[in-house]
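> Below is one structure. I have some questions about it.
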Amino acid sequence: QAQFVESGGGLVQPGGSLRLSCVIPDSTLRYLAISWFRQAPGKEREGVSCISSRNSNAYYADSVKGRFTVSRENTNNMVYLQMNNLKPEDAAVYFCAANTLRSQCPSKFVKTEYDYWGQGTQVTVSS
């Protein structure tokens, strides 16, 4: 089973920006809502953002509202997460994920409901 492929992570100073990319490997998956999760060392994996299949809705965790923007280009099978004004607490491995039965974003991020994941990309925020 092909997986999502994330990229764009790296080291950035506090206040800096990164743009994460997620390649959707199978064009049939473009009809799904895509979520971004992150996991810091010693912490639970948490939902960060979600975008519905047709760009009609986007959702954000309170911790990233106003700083992160999710977008997608279905024609190119790509999903992006623009992260601005990064903080040390944003440091984590970021994953894109999908529930293969869902084209709309859920009202709550529940990681056990997601059955399609990528390998993740590391984001480090440090001066």
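By order of appearance in the structure tokens: chains A, B, ..., then residues from 1 within every chain, and ligands from 1 in the order shown.
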Give me the residues within 8 Å of A:Ala58 as a PDB file with N, CA and C atoms, in the first residue's frame, counting only C-alpha atoms and dropping any in the same chain fewer than 4 places off.

ATOM      1  N   SER A  49      -4.273  20.161  11.712  1.00  0.00           N
ATOM      2  CA  SER A  49      -5.085  20.826  10.699  1.00  0.00           C
ATOM      3  C   SER A  49      -5.723  19.781   9.809  1.00  0.00           C
ATOM      4  N   CYS A  50      -6.800  20.199   9.151  1.00  0.00           N
ATOM      5  CA  CYS A  50      -7.482  19.307   8.216  1.00  0.00           C
ATOM      6  C   CYS A  50      -8.057  20.140   7.093  1.00  0.00           C
ATOM      7  N   ILE A  51      -8.064  19.572   5.884  1.00  0.00           N
ATOM      8  CA  ILE A  51      -8.705  20.227   4.758  1.00  0.00           C
ATOM      9  C   ILE A  51      -9.597  19.205   4.061  1.00  0.00           C
ATOM     10  N   SER A  52     -10.787  19.624   3.734  1.00  0.00           N
ATOM     11  CA  SER A  52     -11.735  18.707   3.098  1.00  0.00           C
ATOM     12  C   SER A  52     -11.312  18.423   1.659  1.00  0.00           C
ATOM     13  N   VAL A  70      -3.510  25.490   5.805  1.00  0.00           N
ATOM     14  CA  VAL A  70      -3.504  24.253   5.021  1.00  0.00           C
ATOM     15  C   VAL A  70      -4.136  24.522   3.667  1.00  0.00           C
ATOM     16  N   CYS A 105     -13.797  16.988   6.888  1.00  0.00           N
ATOM     17  CA  CYS A 105     -12.995  16.963   8.107  1.00  0.00           C
ATOM     18  C   CYS A 105     -13.876  16.609   9.306  1.00  0.00           C
TER      19      CYS A 105
END
> Tell me, as a PyMOL selection string, which residues lie within 12 Å of A:Tyr94, counting only C-alpha atoms; anything in the same chain fewer than 6 positions away does not count.
chain A and resi 4-10+18-22+35-41+45-49+80-81+83+117-124
> Give me, please, the distance in Å between atom CA of A:Ser127 and atom CA of A:Gln13, quoted to one decimal.
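Between atom CA of A:Ser127 and atom CA of A:Gln13 the gap is 5.0 Å.
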> Expressed in Å to a single decimal, how great is the separation between atom CA of A:Arg54 and atom CA of A:Asn84?
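Rounded to one decimal, the two atoms are 23.8 Å apart.
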> Leaving out A:Glu113 and any residue of its chain fewer than 5 positions from it, which residues lie within 10 Å of it when counting only C-alpha atoms, given as a PyMOL selection string?
chain A and resi 97-102+106
> With all heavy atoms retained, could you export that selection as a compact mmCIF listing (two decimals), in the first residue's frame?

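What follows is the written file out-v7.txt:
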# COMPACT_ATOMS: atom_id res chain seq x y z
N ALA A 97 -2.29 12.46 6.97
CA ALA A 97 -3.08 11.25 7.23
C ALA A 97 -4.48 11.41 6.69
O ALA A 97 -4.95 12.54 6.46
CB ALA A 97 -3.14 10.98 8.73
N ALA A 98 -5.15 10.28 6.49
CA ALA A 98 -6.52 10.30 6.00
C ALA A 98 -7.30 9.12 6.56
O ALA A 98 -6.74 8.07 6.86
CB ALA A 98 -6.54 10.24 4.47
N ASN A 99 -8.58 9.36 6.70
CA ASN A 99 -9.54 8.28 6.97
C ASN A 99 -10.15 7.96 5.61
O ASN A 99 -10.76 8.83 4.97
CB ASN A 99 -10.60 8.78 7.96
CG ASN A 99 -11.68 7.74 8.23
OD1 ASN A 99 -12.12 7.03 7.33
ND2 ASN A 99 -12.12 7.66 9.46
N THR A 100 -9.97 6.73 5.15
CA THR A 100 -10.36 6.40 3.78
C THR A 100 -11.87 6.38 3.56
O THR A 100 -12.33 6.12 2.44
CB THR A 100 -9.74 5.06 3.36
OG1 THR A 100 -10.05 4.08 4.34
CG2 THR A 100 -8.24 5.18 3.21
N LEU A 101 -12.65 6.68 4.60
CA LEU A 101 -14.10 6.75 4.44
C LEU A 101 -14.62 8.19 4.54
O LEU A 101 -15.84 8.41 4.52
CB LEU A 101 -14.80 5.91 5.53
CG LEU A 101 -14.47 4.41 5.51
CD1 LEU A 101 -15.17 3.72 6.66
CD2 LEU A 101 -14.87 3.78 4.18
N ARG A 102 -13.70 9.17 4.61
CA ARG A 102 -14.14 10.52 4.95
C ARG A 102 -13.63 11.56 3.97
O ARG A 102 -12.43 11.70 3.77
CB ARG A 102 -13.64 10.82 6.37
CG ARG A 102 -14.11 12.11 6.94
CD ARG A 102 -13.76 12.18 8.42
NE ARG A 102 -14.69 11.40 9.23
CZ ARG A 102 -14.43 11.00 10.47
NH1 ARG A 102 -13.28 11.24 11.04
NH2 ARG A 102 -15.33 10.32 11.14
N PRO A 106 -13.32 15.89 10.24
CA PRO A 106 -14.09 15.56 11.45
C PRO A 106 -14.17 16.76 12.37
O PRO A 106 -13.40 17.72 12.24
CB PRO A 106 -13.26 14.42 12.08
CG PRO A 106 -11.86 14.74 11.66
CD PRO A 106 -11.97 15.33 10.28
> Mind the document's chain letters and residue numbers, and return as a PDB file with C-alpha atoms, in the first residue's frame the residues of chain A that DSSP labels helix (DSSP H, G or I).

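Output saved as selection_11.pdb:
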ATOM      1  CA  SER A  27      -5.262   9.791  -7.307  1.00  0.00           C
ATOM      2  CA  THR A  28      -8.285   8.055  -5.763  1.00  0.00           C
ATOM      3  CA  LEU A  29      -7.204   9.473  -2.399  1.00  0.00           C
ATOM      4  CA  ARG A  30      -7.713  13.017  -3.613  1.00  0.00           C
ATOM      5  CA  TYR A  31     -11.387  12.553  -2.707  1.00  0.00           C
ATOM      6  CA  ASN A  74      -5.994  18.083  -6.214  1.00  0.00           C
ATOM      7  CA  THR A  75      -4.832  18.267  -9.827  1.00  0.00           C
ATOM      8  CA  ASN A  76      -1.271  17.754  -8.603  1.00  0.00           C
ATOM      9  CA  PRO A  88       9.739  25.957  19.956  1.00  0.00           C
ATOM     10  CA  GLU A  89       6.618  24.052  20.982  1.00  0.00           C
ATOM     11  CA  ASP A  90       5.822  23.446  17.305  1.00  0.00           C
ATOM     12  CA  LYS A 111      -5.802   9.526  15.487  1.00  0.00           C
ATOM     13  CA  THR A 112      -7.164   5.995  15.760  1.00  0.00           C
ATOM     14  CA  GLU A 113      -9.770   6.839  13.106  1.00  0.00           C
TER      15      GLU A 113
END
